[in-house]
Amino acid sequence: MTTTFAPEVASRTEGLYERVSHIVTEVEWRLYAPYIAAILDLKERRNAQILAHHYQTPEIYHCVADVVGDSLALAQTAAASEADVLVMCGVHFMAETAKLLNPEKIVLLPSLEAGCSLAESITAADVRGLRERHPGVPVVTYVNTSADVKAESDVCCTSANAVRVVESLGVPRVIFLPDEYLAHYVATKTSVEIISWKGHCEVHERFTARDIASIREGHPGTTVLAHPECPPDVLQAADFVGSTTAMIGYVAEQRPSSVAMVTECSMSDNVAARFPEIAFVRPCNLCPHMKRITLPGIQATLENLSPRIEIPQQIAARARRAVERMVAIGRA
Ligand code: 13P
Ligand code: SF4
């Protein structure tokens, strides 16, 4: 590293560039380092904890986050946190989940525009309609939903524990919403009948089986990992299907020489920084919502303690039950 920083920036960021030098250029680092130093300083002053999803960019993921994880890990961490302030580097439903589990804490989301197409695909009224059409059938709701939708649900799940949550209910049929492809994947893994909804992830629905065939043609021997929000033919063509954390676990254990992660782009960058000896084929799609979280945004949210996540009490009490039930069931 040839750049000379102001002494306070240099001491705050000492040793951090090495974590990302595989994927972040020195020119980029010159821009990032002053923000990183300011964020680390503010984090201490606010007794804040920064939680980052695997889809966050490497300078956030490797240099300012205290905890990184999939949706389930972020919820589990939020439930056990001793910080006064939680900053969610992820999307709105993740911040709401953290707030549900920590009603007394300040929960910050650096951009309120960080949404999710799955969360947008269903409303609380839709869930009530489904219950009317299927009386007595329990509702299992993916965490990628609003607190209003969670409040109408029996239990939440993530892609890391969906099958386990469905089977925990001990019933022959469940309503599983809103992700149609995740519902389809769960149905292939259980004898419980799954009634699904037509929600899709705008990032994962764009992958095709043709993309997987091209990876295999262009990079023979590559291991293909896919997120269960992808369409069924994509999952069929993959070597392994799992949540973001499960995909990382696969790479860490199996150490394939070449891997393709069929998911959001930053995932490969973040994992590549940890495993520089593995070749990453990148058939990725960007999640525009995740990309709304930036270093300047994180600094501003910690300075202003805003924007905060607030959930009306009557909704929060019912939504919390569904999330707490999921956290108690844990990972598969
Ligand atoms: P994970 O729970 O696997 O991290 O997935 C969250 C998500 O939003 C995937 O698009
Ligand atoms: Fe939502 Fe898809 Fe983005 Fe995940 S990747 S936050 S499911 S839009």
# chains A, B, ... in the order shown; residues from 1 in each chain; ligands from 1
>>> residues_near_ligand(ligand="ligand 2", cutoff="10 Å", atoms="only C-alpha atoms and all ligand atoms", output="CSV table (one decimal) with all heavy atoms, in the first residue's frame")
chain,number,residue,atom,x,y,z
A,53,HIS,N,-25.1,-8.5,5.9
A,53,HIS,CA,-25.4,-9.7,5.1
A,53,HIS,C,-24.3,-10.0,4.1
A,53,HIS,O,-23.5,-9.1,3.7
A,53,HIS,CB,-26.8,-9.4,4.3
A,53,HIS,CG,-27.3,-10.7,3.7
A,53,HIS,ND1,-27.1,-10.9,2.3
A,53,HIS,CD2,-27.9,-11.7,4.2
A,53,HIS,CE1,-27.6,-12.1,2.0
A,53,HIS,NE2,-28.1,-12.6,3.1
A,55,TYR,N,-24.3,-10.3,1.1
A,55,TYR,CA,-24.4,-9.6,-0.2
A,55,TYR,C,-23.9,-8.1,-0.1
A,55,TYR,O,-24.0,-7.4,-1.0
A,55,TYR,CB,-25.9,-9.5,-0.7
A,55,TYR,CG,-26.5,-10.8,-1.0
A,55,TYR,CD1,-27.9,-10.9,-1.2
A,55,TYR,CD2,-25.8,-12.0,-1.3
A,55,TYR,CE1,-28.5,-12.1,-1.5
A,55,TYR,CE2,-26.4,-13.2,-1.6
A,55,TYR,CZ,-27.7,-13.2,-1.7
A,55,TYR,OH,-28.4,-14.4,-2.0
A,71,SER,N,-29.6,-14.5,6.6
A,71,SER,CA,-30.7,-13.8,7.3
A,71,SER,C,-30.9,-14.4,8.7
A,71,SER,O,-31.2,-13.7,9.7
A,71,SER,CB,-32.0,-14.0,6.6
A,71,SER,OG,-31.9,-13.7,5.2
A,90,GLY,N,-28.0,-4.4,5.3
A,90,GLY,CA,-28.8,-5.4,4.6
A,90,GLY,C,-30.0,-4.7,4.1
A,90,GLY,O,-29.9,-3.5,3.8
A,91,VAL,N,-31.1,-5.3,4.1
A,91,VAL,CA,-32.3,-4.7,3.6
A,91,VAL,C,-33.4,-4.5,4.7
A,91,VAL,O,-33.2,-5.0,5.8
A,91,VAL,CB,-32.9,-5.5,2.3
A,91,VAL,CG1,-31.9,-5.4,1.1
A,91,VAL,CG2,-33.2,-6.9,2.7
A,92,HIS,N,-34.5,-3.9,4.3
A,92,HIS,CA,-35.4,-3.4,5.3
A,92,HIS,C,-36.0,-4.5,6.2
A,92,HIS,O,-36.1,-4.4,7.4
A,92,HIS,CB,-36.6,-2.7,4.6
A,92,HIS,CG,-37.4,-1.9,5.5
A,92,HIS,ND1,-38.6,-2.4,6.1
A,92,HIS,CD2,-37.3,-0.6,6.0
A,92,HIS,CE1,-39.1,-1.5,6.9
A,92,HIS,NE2,-38.4,-0.4,6.8
A,93,PHE,N,-36.3,-5.7,5.5
A,93,PHE,CA,-36.9,-6.8,6.3
A,93,PHE,C,-35.9,-7.3,7.4
A,93,PHE,O,-36.3,-7.7,8.5
A,93,PHE,CB,-37.5,-7.9,5.5
A,93,PHE,CG,-36.5,-8.8,4.9
A,93,PHE,CD1,-35.9,-9.9,5.6
A,93,PHE,CD2,-36.1,-8.7,3.5
A,93,PHE,CE1,-35.0,-10.7,5.0
A,93,PHE,CE2,-35.1,-9.5,3.0
A,93,PHE,CZ,-34.6,-10.6,3.7
A,94,MET,N,-34.6,-7.2,7.1
A,94,MET,CA,-33.6,-7.7,8.0
A,94,MET,C,-33.6,-6.7,9.2
A,94,MET,O,-33.4,-7.2,10.4
A,94,MET,CB,-32.3,-7.8,7.4
A,94,MET,CG,-32.2,-8.8,6.3
A,94,MET,SD,-30.6,-8.8,5.4
A,94,MET,CE,-30.9,-10.2,4.2
A,114,ALA,N,-33.7,0.5,0.9
A,114,ALA,CA,-33.2,-0.9,0.7
A,114,ALA,C,-34.3,-1.9,0.9
A,114,ALA,O,-34.5,-2.4,2.0
A,114,ALA,CB,-32.0,-1.1,1.6
A,115,GLY,N,-35.1,-2.2,-0.1
A,115,GLY,CA,-36.3,-3.0,0.0
A,115,GLY,C,-36.0,-4.5,-0.4
A,115,GLY,O,-34.9,-4.9,-0.3
A,116,CYS,N,-37.0,-5.1,-0.9
A,116,CYS,CA,-36.8,-6.5,-1.4
A,116,CYS,C,-38.1,-6.9,-2.2
A,116,CYS,O,-39.2,-6.6,-1.8
A,116,CYS,CB,-36.7,-7.5,-0.2
A,116,CYS,SG,-36.8,-9.2,-0.6
A,117,SER,N,-37.9,-7.4,-3.4
A,117,SER,CA,-39.0,-7.7,-4.3
A,117,SER,C,-39.9,-8.8,-3.7
A,117,SER,O,-41.1,-8.8,-3.9
A,117,SER,CB,-38.5,-8.2,-5.7
A,117,SER,OG,-37.9,-9.4,-5.6
A,118,LEU,N,-39.4,-9.7,-2.9
A,118,LEU,CA,-40.2,-10.7,-2.2
A,118,LEU,C,-41.1,-10.0,-1.2
A,118,LEU,O,-42.3,-10.3,-1.1
A,118,LEU,CB,-39.3,-11.8,-1.5
A,118,LEU,CG,-38.8,-12.8,-2.5
A,118,LEU,CD1,-37.7,-13.7,-1.8
A,118,LEU,CD2,-39.9,-13.7,-3.0
A,119,ALA,N,-40.5,-9.1,-0.4
A,119,ALA,CA,-41.3,-8.4,0.7
A,119,ALA,C,-42.4,-7.6,0.0
A,119,ALA,O,-43.5,-7.5,0.6
A,119,ALA,CB,-40.4,-7.6,1.5
A,120,GLU,N,-42.2,-7.1,-1.2
A,120,GLU,CA,-43.1,-6.3,-1.9
A,120,GLU,C,-44.3,-7.1,-2.5
A,120,GLU,O,-45.3,-6.6,-2.9
A,120,GLU,CB,-42.5,-5.6,-3.1
A,120,GLU,CG,-41.5,-4.5,-2.7
A,120,GLU,CD,-42.2,-3.3,-2.1
A,120,GLU,OE1,-43.1,-2.8,-2.7
A,120,GLU,OE2,-41.8,-2.9,-1.0
A,142,TYR,N,-41.6,-16.7,5.0
A,142,TYR,CA,-40.1,-16.4,4.8
A,142,TYR,C,-39.9,-15.1,5.4
A,142,TYR,O,-40.7,-14.2,5.3
A,142,TYR,CB,-39.9,-16.4,3.2
A,142,TYR,CG,-38.5,-16.4,2.7
A,142,TYR,CD1,-37.5,-17.1,3.4
A,142,TYR,CD2,-38.2,-15.8,1.5
A,142,TYR,CE1,-36.2,-17.2,2.9
A,142,TYR,CE2,-36.9,-15.9,1.0
A,142,TYR,CZ,-35.9,-16.5,1.7
A,142,TYR,OH,-34.6,-16.6,1.2
A,143,VAL,N,-38.7,-14.9,6.0
A,143,VAL,CA,-38.4,-13.6,6.7
A,143,VAL,C,-38.4,-12.5,5.7
A,143,VAL,O,-38.4,-11.3,6.1
A,143,VAL,CB,-37.1,-13.6,7.5
A,143,VAL,CG1,-37.2,-14.3,8.8
A,143,VAL,CG2,-35.9,-14.2,6.7
A,144,ASN,N,-38.2,-12.8,4.4
A,144,ASN,CA,-38.2,-11.7,3.4
A,144,ASN,C,-39.6,-11.1,3.2
A,144,ASN,O,-40.2,-11.2,2.1
A,144,ASN,CB,-37.7,-12.2,2.1
A,144,ASN,CG,-36.3,-12.8,2.1
A,144,ASN,OD1,-35.9,-13.4,3.1
A,144,ASN,ND2,-35.5,-12.5,1.1
A,145,THR,N,-40.2,-10.6,4.3
A,145,THR,CA,-41.5,-10.0,4.3
A,145,THR,C,-41.6,-8.9,5.3
A,145,THR,O,-40.7,-8.8,6.1
A,145,THR,CB,-42.5,-11.1,4.7
A,145,THR,OG1,-42.0,-11.8,5.9
A,145,THR,CG2,-42.9,-12.1,3.7
A,179,ASP,N,-42.2,-16.8,-1.4
A,179,ASP,CA,-41.4,-17.2,-2.5
A,179,ASP,C,-41.8,-18.5,-3.2
A,179,ASP,O,-41.6,-19.6,-2.6
A,179,ASP,CB,-39.9,-17.3,-2.1
A,179,ASP,CG,-38.9,-17.5,-3.2
A,179,ASP,OD1,-39.4,-17.7,-4.3
A,179,ASP,OD2,-37.7,-17.3,-3.0
A,199,GLY,N,-44.6,-15.0,-5.3
A,199,GLY,CA,-43.5,-14.0,-5.1
A,199,GLY,C,-42.2,-14.5,-5.7
A,199,GLY,O,-42.0,-15.8,-5.7
A,200,HIS,N,-41.4,-13.6,-6.2
A,200,HIS,CA,-40.1,-14.0,-6.7
A,200,HIS,C,-39.0,-13.0,-6.3
A,200,HIS,O,-39.3,-11.8,-6.1
A,200,HIS,CB,-40.1,-14.1,-8.2
A,200,HIS,CG,-41.0,-15.1,-8.8
A,200,HIS,ND1,-41.8,-14.9,-9.9
A,200,HIS,CD2,-41.3,-16.4,-8.3
A,200,HIS,CE1,-42.6,-16.0,-10.1
A,200,HIS,NE2,-42.3,-16.9,-9.2
A,201,CYS,N,-37.8,-13.5,-6.2
A,201,CYS,CA,-36.7,-12.6,-5.9
A,201,CYS,C,-36.2,-12.1,-7.3
A,201,CYS,O,-35.9,-12.9,-8.2
A,201,CYS,CB,-35.5,-13.3,-5.3
A,201,CYS,SG,-34.0,-12.4,-5.5
A,202,GLU,N,-36.2,-10.7,-7.5
A,202,GLU,CA,-35.9,-10.2,-8.8
A,202,GLU,C,-34.4,-10.5,-9.2
A,202,GLU,O,-34.1,-10.3,-10.4
A,202,GLU,CB,-36.1,-8.6,-8.7
A,202,GLU,CG,-35.1,-7.9,-7.8
A,202,GLU,CD,-35.5,-6.4,-7.7
A,202,GLU,OE1,-36.3,-6.1,-6.8
A,202,GLU,OE2,-34.9,-5.6,-8.4
A,203,VAL,N,-33.6,-10.8,-8.2
A,203,VAL,CA,-32.2,-11.2,-8.5
A,203,VAL,C,-32.1,-12.6,-9.0
A,203,VAL,O,-31.5,-12.9,-10.0
A,203,VAL,CB,-31.3,-10.9,-7.3
A,203,VAL,CG1,-29.9,-11.3,-7.5
A,203,VAL,CG2,-31.4,-9.4,-6.9
A,204,HIS,N,-32.6,-13.5,-8.2
A,204,HIS,CA,-32.4,-15.0,-8.5
A,204,HIS,C,-33.3,-15.5,-9.6
A,204,HIS,O,-33.0,-16.5,-10.2
A,204,HIS,CB,-32.7,-15.8,-7.2
A,204,HIS,CG,-31.6,-15.5,-6.2
A,204,HIS,ND1,-31.7,-14.5,-5.2
A,204,HIS,CD2,-30.4,-16.1,-6.0
A,204,HIS,CE1,-30.6,-14.5,-4.5
A,204,HIS,NE2,-29.8,-15.5,-4.9
A,205,GLU,N,-34.5,-14.8,-9.8
A,205,GLU,CA,-35.4,-15.4,-10.9
A,205,GLU,C,-34.8,-15.2,-12.3
A,205,GLU,O,-35.2,-15.8,-13.2
A,205,GLU,CB,-36.8,-14.7,-10.8
A,205,GLU,CG,-36.8,-13.3,-11.2
A,205,GLU,CD,-38.2,-12.7,-11.3
A,205,GLU,OE1,-39.2,-13.5,-11.2
A,205,GLU,OE2,-38.3,-11.5,-11.4
A,227,HIS,N,-28.6,-20.6,-4.8
A,227,HIS,CA,-29.5,-20.2,-3.7
A,227,HIS,C,-30.9,-20.7,-4.0
A,227,HIS,O,-31.3,-20.7,-5.2
A,227,HIS,CB,-29.5,-18.7,-3.5
A,227,HIS,CG,-30.1,-18.3,-2.3
A,227,HIS,ND1,-31.5,-18.1,-2.1
A,227,HIS,CD2,-29.6,-18.0,-1.1
A,227,HIS,CE1,-31.7,-17.7,-0.8
A,227,HIS,NE2,-30.6,-17.6,-0.2
A,229,GLU,N,-33.7,-19.5,-3.9
A,229,GLU,CA,-34.7,-18.6,-4.5
A,229,GLU,C,-34.6,-18.6,-6.1
A,229,GLU,O,-35.3,-18.0,-6.8
A,229,GLU,CB,-34.3,-17.1,-4.1
A,229,GLU,CG,-34.7,-16.9,-2.6
A,229,GLU,CD,-34.2,-15.6,-2.1
A,229,GLU,OE1,-33.7,-14.7,-2.9
A,229,GLU,OE2,-34.2,-15.3,-0.9
A,230,CYS,N,-33.7,-19.4,-6.6
A,230,CYS,CA,-33.6,-19.6,-8.1
A,230,CYS,C,-34.7,-20.5,-8.6
A,230,CYS,O,-35.2,-21.3,-7.8
A,230,CYS,CB,-32.2,-20.2,-8.5
A,230,CYS,SG,-30.8,-19.3,-8.1
A,263,THR,N,-25.9,-16.5,-7.4
A,263,THR,CA,-26.6,-15.7,-6.4
A,263,THR,C,-26.1,-14.3,-6.6
A,263,THR,O,-25.6,-13.9,-7.7
A,263,THR,CB,-26.3,-16.2,-5.0
A,263,THR,OG1,-27.1,-15.5,-4.1
A,263,THR,CG2,-24.8,-16.1,-4.6
A,264,GLU,N,-26.2,-13.4,-5.6
A,264,GLU,CA,-25.9,-12.0,-5.8
A,264,GLU,C,-24.4,-11.8,-5.9
A,264,GLU,O,-23.6,-12.6,-5.3
A,264,GLU,CB,-26.4,-11.3,-4.5
A,264,GLU,CG,-26.8,-9.8,-4.7
A,264,GLU,CD,-25.7,-8.8,-4.6
A,264,GLU,OE1,-24.6,-9.2,-4.1
A,264,GLU,OE2,-25.8,-7.7,-5.2
A,265,CYS,N,-24.0,-10.7,-6.6
A,265,CYS,CA,-22.6,-10.6,-7.0
A,265,CYS,C,-21.6,-10.5,-5.8
A,265,CYS,O,-20.5,-11.1,-5.9
A,265,CYS,CB,-22.4,-9.3,-7.9
A,265,CYS,SG,-23.4,-9.4,-9.3
A,285,ASN,N,-25.9,-11.7,-10.4
A,285,ASN,CA,-26.8,-10.6,-10.6
A,285,ASN,C,-26.8,-9.7,-9.4
A,285,ASN,O,-26.7,-10.2,-8.3
A,285,ASN,CB,-28.3,-11.1,-10.8
A,285,ASN,CG,-28.5,-11.8,-12.1
A,285,ASN,OD1,-27.9,-11.4,-13.2
A,285,ASN,ND2,-29.3,-12.9,-12.1
A,286,LEU,N,-26.8,-8.4,-9.6
A,286,LEU,CA,-26.7,-7.4,-8.5
A,286,LEU,C,-28.1,-7.3,-7.8
A,286,LEU,O,-29.1,-7.2,-8.5
A,286,LEU,CB,-26.3,-6.1,-9.0
A,286,LEU,CG,-24.9,-5.7,-9.0
A,286,LEU,CD1,-24.7,-4.3,-9.6
A,286,LEU,CD2,-24.3,-5.7,-7.6
A,287,CYS,N,-28.1,-7.2,-6.5
A,287,CYS,CA,-29.4,-6.8,-5.8
A,287,CYS,C,-29.3,-5.3,-5.6
A,287,CYS,O,-28.5,-4.8,-4.8
A,287,CYS,CB,-29.5,-7.5,-4.5
A,287,CYS,SG,-31.0,-6.9,-3.6
A,288,PRO,N,-30.1,-4.5,-6.3
A,288,PRO,CA,-30.1,-3.1,-6.2
A,288,PRO,C,-30.4,-2.6,-4.8
A,288,PRO,O,-29.9,-1.5,-4.4
A,288,PRO,CB,-31.1,-2.6,-7.2
A,288,PRO,CG,-32.1,-3.7,-7.4
A,288,PRO,CD,-31.2,-5.0,-7.2
A,289,HIS,N,-31.2,-3.4,-4.1
A,289,HIS,CA,-31.5,-2.9,-2.7
A,289,HIS,C,-30.3,-3.0,-1.7
A,289,HIS,O,-30.1,-2.1,-1.0
A,289,HIS,CB,-32.7,-3.8,-2.2
A,289,HIS,CG,-33.8,-3.9,-3.2
A,289,HIS,ND1,-34.6,-2.8,-3.4
A,289,HIS,CD2,-34.2,-4.9,-4.0
A,289,HIS,CE1,-35.5,-3.1,-4.4
A,289,HIS,NE2,-35.3,-4.4,-4.7
A,290,MET,N,-29.6,-4.2,-1.8
A,290,MET,CA,-28.4,-4.4,-1.0
A,290,MET,C,-27.4,-3.3,-1.3
A,290,MET,O,-26.7,-2.8,-0.4
A,290,MET,CB,-27.8,-5.7,-1.2
A,290,MET,CG,-28.7,-6.9,-0.7
A,290,MET,SD,-28.4,-7.1,1.1
A,290,MET,CE,-29.5,-8.4,1.4
A,291,LYS,N,-27.3,-2.9,-2.6
A,291,LYS,CA,-26.3,-1.9,-3.0
A,291,LYS,C,-26.6,-0.5,-2.6
A,291,LYS,O,-25.9,0.4,-2.8
A,291,LYS,CB,-26.2,-2.0,-4.5
A,291,LYS,CG,-25.1,-3.0,-5.0
A,291,LYS,CD,-24.9,-4.2,-4.3
A,291,LYS,CE,-23.8,-4.9,-3.8
A,291,LYS,NZ,-23.9,-6.3,-3.5
>>> residues_near_ligand(ligand="ligand 1", cutoff="6 Å", atoms="only C-alpha atoms and all ligand atoms", output="number ranges by chain")
A: 70-72, 158-159, 243-244
>>> residues_around(residues="Thr97 in chain A", least_positions_apart="4", cutoff="9 Å", atoms="only C-alpha atoms", output="number ranges by chain")
A: 74-75, 78, 92-93, 101-102, 143, 146-147, 319-320, 323
>>> select_by_dssp(residues="range 120-235 of chain A", states="alpha helix (DSSP H)", output="CSV table (one decimal) with N, CA, C and O atoms, in the first residue's frame")
chain,number,residue,atom,x,y,z
A,120,GLU,N,-42.2,-7.1,-1.2
A,120,GLU,CA,-43.1,-6.3,-1.9
A,120,GLU,C,-44.3,-7.1,-2.5
A,120,GLU,O,-45.3,-6.6,-2.9
A,124,ALA,N,-50.5,-8.0,4.1
A,124,ALA,CA,-51.2,-8.7,5.2
A,124,ALA,C,-52.6,-9.1,4.8
A,124,ALA,O,-53.1,-10.2,5.1
A,125,ALA,N,-53.3,-8.3,3.9
A,125,ALA,CA,-54.6,-8.7,3.4
A,125,ALA,C,-54.5,-9.9,2.6
A,125,ALA,O,-55.4,-10.8,2.6
A,126,ASP,N,-53.4,-10.1,1.8
A,126,ASP,CA,-53.3,-11.3,1.0
A,126,ASP,C,-53.2,-12.5,1.9
A,126,ASP,O,-53.7,-13.6,1.6
A,127,VAL,N,-52.5,-12.4,3.0
A,127,VAL,CA,-52.3,-13.5,3.9
A,127,VAL,C,-53.7,-13.9,4.5
A,127,VAL,O,-54.1,-15.1,4.6
A,128,ARG,N,-54.5,-12.9,4.9
A,128,ARG,CA,-55.8,-13.2,5.5
A,128,ARG,C,-56.7,-13.9,4.4
A,128,ARG,O,-57.4,-14.8,4.7
A,129,GLY,N,-56.5,-13.4,3.2
A,129,GLY,CA,-57.3,-14.1,2.1
A,129,GLY,C,-56.9,-15.6,1.9
A,129,GLY,O,-57.7,-16.4,1.8
A,130,LEU,N,-55.6,-15.8,2.0
A,130,LEU,CA,-55.1,-17.2,1.9
A,130,LEU,C,-55.7,-18.1,3.1
A,130,LEU,O,-56.1,-19.2,2.9
A,131,ARG,N,-55.7,-17.5,4.3
A,131,ARG,CA,-56.3,-18.2,5.4
A,131,ARG,C,-57.7,-18.5,5.2
A,131,ARG,O,-58.2,-19.6,5.6
A,132,GLU,N,-58.5,-17.6,4.6
A,132,GLU,CA,-59.9,-17.8,4.4
A,132,GLU,C,-60.1,-19.0,3.4
A,132,GLU,O,-61.0,-19.8,3.5
A,133,ARG,N,-59.2,-19.0,2.4
A,133,ARG,CA,-59.3,-20.0,1.4
A,133,ARG,C,-58.9,-21.4,1.9
A,133,ARG,O,-59.3,-22.4,1.3
A,147,ALA,N,-43.2,-6.6,8.5
A,147,ALA,CA,-43.7,-7.0,9.8
A,147,ALA,C,-45.2,-7.2,9.8
A,147,ALA,O,-45.7,-8.1,10.5
A,148,ASP,N,-45.9,-6.5,8.9
A,148,ASP,CA,-47.4,-6.7,8.8
A,148,ASP,C,-47.7,-8.1,8.4
A,148,ASP,O,-48.6,-8.7,8.9
A,149,VAL,N,-46.9,-8.6,7.4
A,149,VAL,CA,-47.2,-10.0,6.9
A,149,VAL,C,-46.7,-11.0,8.0
A,149,VAL,O,-47.5,-12.0,8.2
A,150,LYS,N,-45.6,-10.7,8.6
A,150,LYS,CA,-45.2,-11.6,9.7
A,150,LYS,C,-46.3,-11.7,10.8
A,150,LYS,O,-46.5,-12.8,11.4
A,151,ALA,N,-46.9,-10.6,11.0
A,151,ALA,CA,-48.0,-10.5,12.1
A,151,ALA,C,-49.1,-11.4,11.8
A,151,ALA,O,-49.8,-11.9,12.7
A,162,ALA,N,-35.9,-23.7,6.3
A,162,ALA,CA,-37.3,-23.7,5.8
A,162,ALA,C,-37.9,-25.1,6.0
A,162,ALA,O,-39.1,-25.3,6.5
A,163,VAL,N,-37.2,-26.2,5.6
A,163,VAL,CA,-37.7,-27.5,5.7
A,163,VAL,C,-38.0,-27.9,7.1
A,163,VAL,O,-39.0,-28.4,7.5
A,164,ARG,N,-37.0,-27.6,8.0
A,164,ARG,CA,-37.1,-27.9,9.4
A,164,ARG,C,-38.3,-27.2,10.0
A,164,ARG,O,-39.0,-27.8,10.8
A,165,VAL,N,-38.5,-25.9,9.7
A,165,VAL,CA,-39.7,-25.2,10.2
A,165,VAL,C,-41.0,-25.8,9.8
A,165,VAL,O,-41.9,-26.0,10.6
A,166,VAL,N,-41.1,-26.1,8.5
A,166,VAL,CA,-42.3,-26.7,7.9
A,166,VAL,C,-42.6,-28.0,8.7
A,166,VAL,O,-43.7,-28.3,9.1
A,167,GLU,N,-41.6,-28.8,8.9
A,167,GLU,CA,-41.8,-30.2,9.5
A,167,GLU,C,-42.0,-30.0,11.0
A,167,GLU,O,-42.7,-30.9,11.6
A,168,SER,N,-41.6,-29.0,11.6
A,168,SER,CA,-41.7,-28.8,13.0
A,168,SER,C,-43.2,-28.7,13.4
A,168,SER,O,-43.6,-28.9,14.6
A,180,GLU,N,-42.3,-18.4,-4.4
A,180,GLU,CA,-42.8,-19.6,-5.1
A,180,GLU,C,-41.6,-20.6,-5.3
A,180,GLU,O,-41.9,-21.8,-5.2
A,181,TYR,N,-40.4,-20.1,-5.6
A,181,TYR,CA,-39.4,-21.1,-5.9
A,181,TYR,C,-38.8,-21.8,-4.7
A,181,TYR,O,-38.5,-22.9,-4.7
A,182,LEU,N,-38.7,-21.0,-3.6
A,182,LEU,CA,-38.3,-21.6,-2.3
A,182,LEU,C,-39.3,-22.6,-1.9
A,182,LEU,O,-39.0,-23.7,-1.4
A,183,ALA,N,-40.6,-22.3,-2.1
A,183,ALA,CA,-41.7,-23.2,-1.7
A,183,ALA,C,-41.6,-24.5,-2.5
A,183,ALA,O,-41.7,-25.6,-2.0
A,184,HIS,N,-41.3,-24.3,-3.8
A,184,HIS,CA,-41.1,-25.5,-4.7
A,184,HIS,C,-40.0,-26.4,-4.2
A,184,HIS,O,-40.0,-27.6,-4.1
A,185,TYR,N,-38.9,-25.7,-3.8
A,185,TYR,CA,-37.7,-26.4,-3.3
A,185,TYR,C,-38.0,-27.2,-2.0
A,185,TYR,O,-37.7,-28.3,-1.9
A,186,VAL,N,-38.7,-26.5,-1.1
A,186,VAL,CA,-39.1,-27.1,0.1
A,186,VAL,C,-40.0,-28.4,-0.1
A,186,VAL,O,-39.8,-29.4,0.5
A,187,ALA,N,-40.9,-28.2,-1.1
A,187,ALA,CA,-41.8,-29.3,-1.4
A,187,ALA,C,-41.0,-30.6,-1.9
A,187,ALA,O,-41.5,-31.7,-1.7
A,209,ALA,N,-31.3,-22.2,-16.5
A,209,ALA,CA,-30.5,-23.4,-16.6
A,209,ALA,C,-29.5,-23.3,-17.7
A,209,ALA,O,-28.4,-23.9,-17.7
A,210,ARG,N,-29.7,-22.5,-18.7
A,210,ARG,CA,-28.8,-22.2,-19.8
A,210,ARG,C,-27.5,-21.5,-19.2
A,210,ARG,O,-26.4,-21.8,-19.6
A,211,ASP,N,-27.7,-20.7,-18.2
A,211,ASP,CA,-26.5,-20.0,-17.6
A,211,ASP,C,-25.6,-21.1,-16.9
A,211,ASP,O,-24.4,-21.0,-17.0
A,212,ILE,N,-26.2,-22.1,-16.3
A,212,ILE,CA,-25.4,-23.2,-15.7
A,212,ILE,C,-24.7,-24.0,-16.7
A,212,ILE,O,-23.5,-24.3,-16.6
A,213,ALA,N,-25.4,-24.3,-17.8
A,213,ALA,CA,-24.8,-25.1,-18.9
A,213,ALA,C,-23.6,-24.3,-19.5
A,213,ALA,O,-22.6,-24.9,-19.7
A,214,SER,N,-23.7,-23.0,-19.6
A,214,SER,CA,-22.6,-22.2,-20.1
A,214,SER,C,-21.4,-22.2,-19.2
A,214,SER,O,-20.3,-22.2,-19.6
A,215,ILE,N,-21.7,-22.1,-17.9
A,215,ILE,CA,-20.6,-22.2,-16.9
A,215,ILE,C,-19.9,-23.5,-17.1
A,215,ILE,O,-18.6,-23.6,-17.1
A,216,ARG,N,-20.6,-24.6,-17.2
A,216,ARG,CA,-20.0,-25.9,-17.3
A,216,ARG,C,-19.2,-26.1,-18.6
A,216,ARG,O,-18.2,-26.7,-18.6
A,217,GLU,N,-19.8,-25.5,-19.7
A,217,GLU,CA,-19.1,-25.6,-21.0
A,217,GLU,C,-17.8,-24.7,-20.9
A,217,GLU,O,-16.7,-25.2,-21.3
A,218,GLY,N,-17.9,-23.5,-20.4
A,218,GLY,CA,-16.7,-22.6,-20.4
A,218,GLY,C,-15.7,-22.9,-19.3
A,218,GLY,O,-14.5,-22.5,-19.5
A,232,PRO,N,-36.7,-23.6,-10.3
A,232,PRO,CA,-36.5,-25.0,-10.1
A,232,PRO,C,-35.5,-25.7,-11.1
A,232,PRO,O,-34.6,-26.5,-10.7
A,233,ASP,N,-35.5,-25.3,-12.4
A,233,ASP,CA,-34.5,-25.9,-13.4
A,233,ASP,C,-33.1,-25.5,-13.1
A,233,ASP,O,-32.2,-26.3,-13.4
A,234,VAL,N,-32.9,-24.3,-12.5
A,234,VAL,CA,-31.6,-23.9,-12.1
A,234,VAL,C,-31.1,-24.8,-10.9
A,234,VAL,O,-29.9,-25.2,-10.9
A,235,LEU,N,-32.0,-25.0,-10.0
A,235,LEU,CA,-31.6,-25.8,-8.8
A,235,LEU,C,-31.3,-27.2,-9.2
A,235,LEU,O,-30.3,-27.8,-8.7
>>> closest_residue(among="A:Val241, A:Asp154, A:Thr141, A:Gln236", to="Trp197 in chain A", atoms="only C-alpha atoms")
A:Thr141
>>> residues_around(residues="Ala65 in chain A", least_positions_apart="4", cutoff="8 Å", atoms="only C-alpha atoms", output="ChimeraX atom specification")
/A:49-52,60-61
>>> atom_distance(atom1="CA of Thr4 in chain A", atom2="CA of Arg30 in chain A")
8.9 Å
>>> atom_distance(atom1="CA of Ser11 in chain A", atom2="CA of Leu109 in chain A")
27.4 Å
>>> atom_distance(atom1="CA of Leu40 in chain A", atom2="CA of Cys89 in chain A")
14.4 Å
>>> residues_around(residues="His22 in chain A", least_positions_apart="2", cutoff="7 Å", atoms="only C-alpha atoms", output="PyMOL selection string")
chain A and resi 20+24+273
>>> closest_residue(among="A:Ala79, A:Glu26, A:Gly15, A:Pro34", to="Gln299 in chain A", atoms="only C-alpha atoms")
A:Pro34
>>> closest_residue(among="A:Phe280, A:Phe176, A:Phe275, A:Phe207", to="Thr223 in chain A", atoms="only C-alpha atoms")
A:Phe280
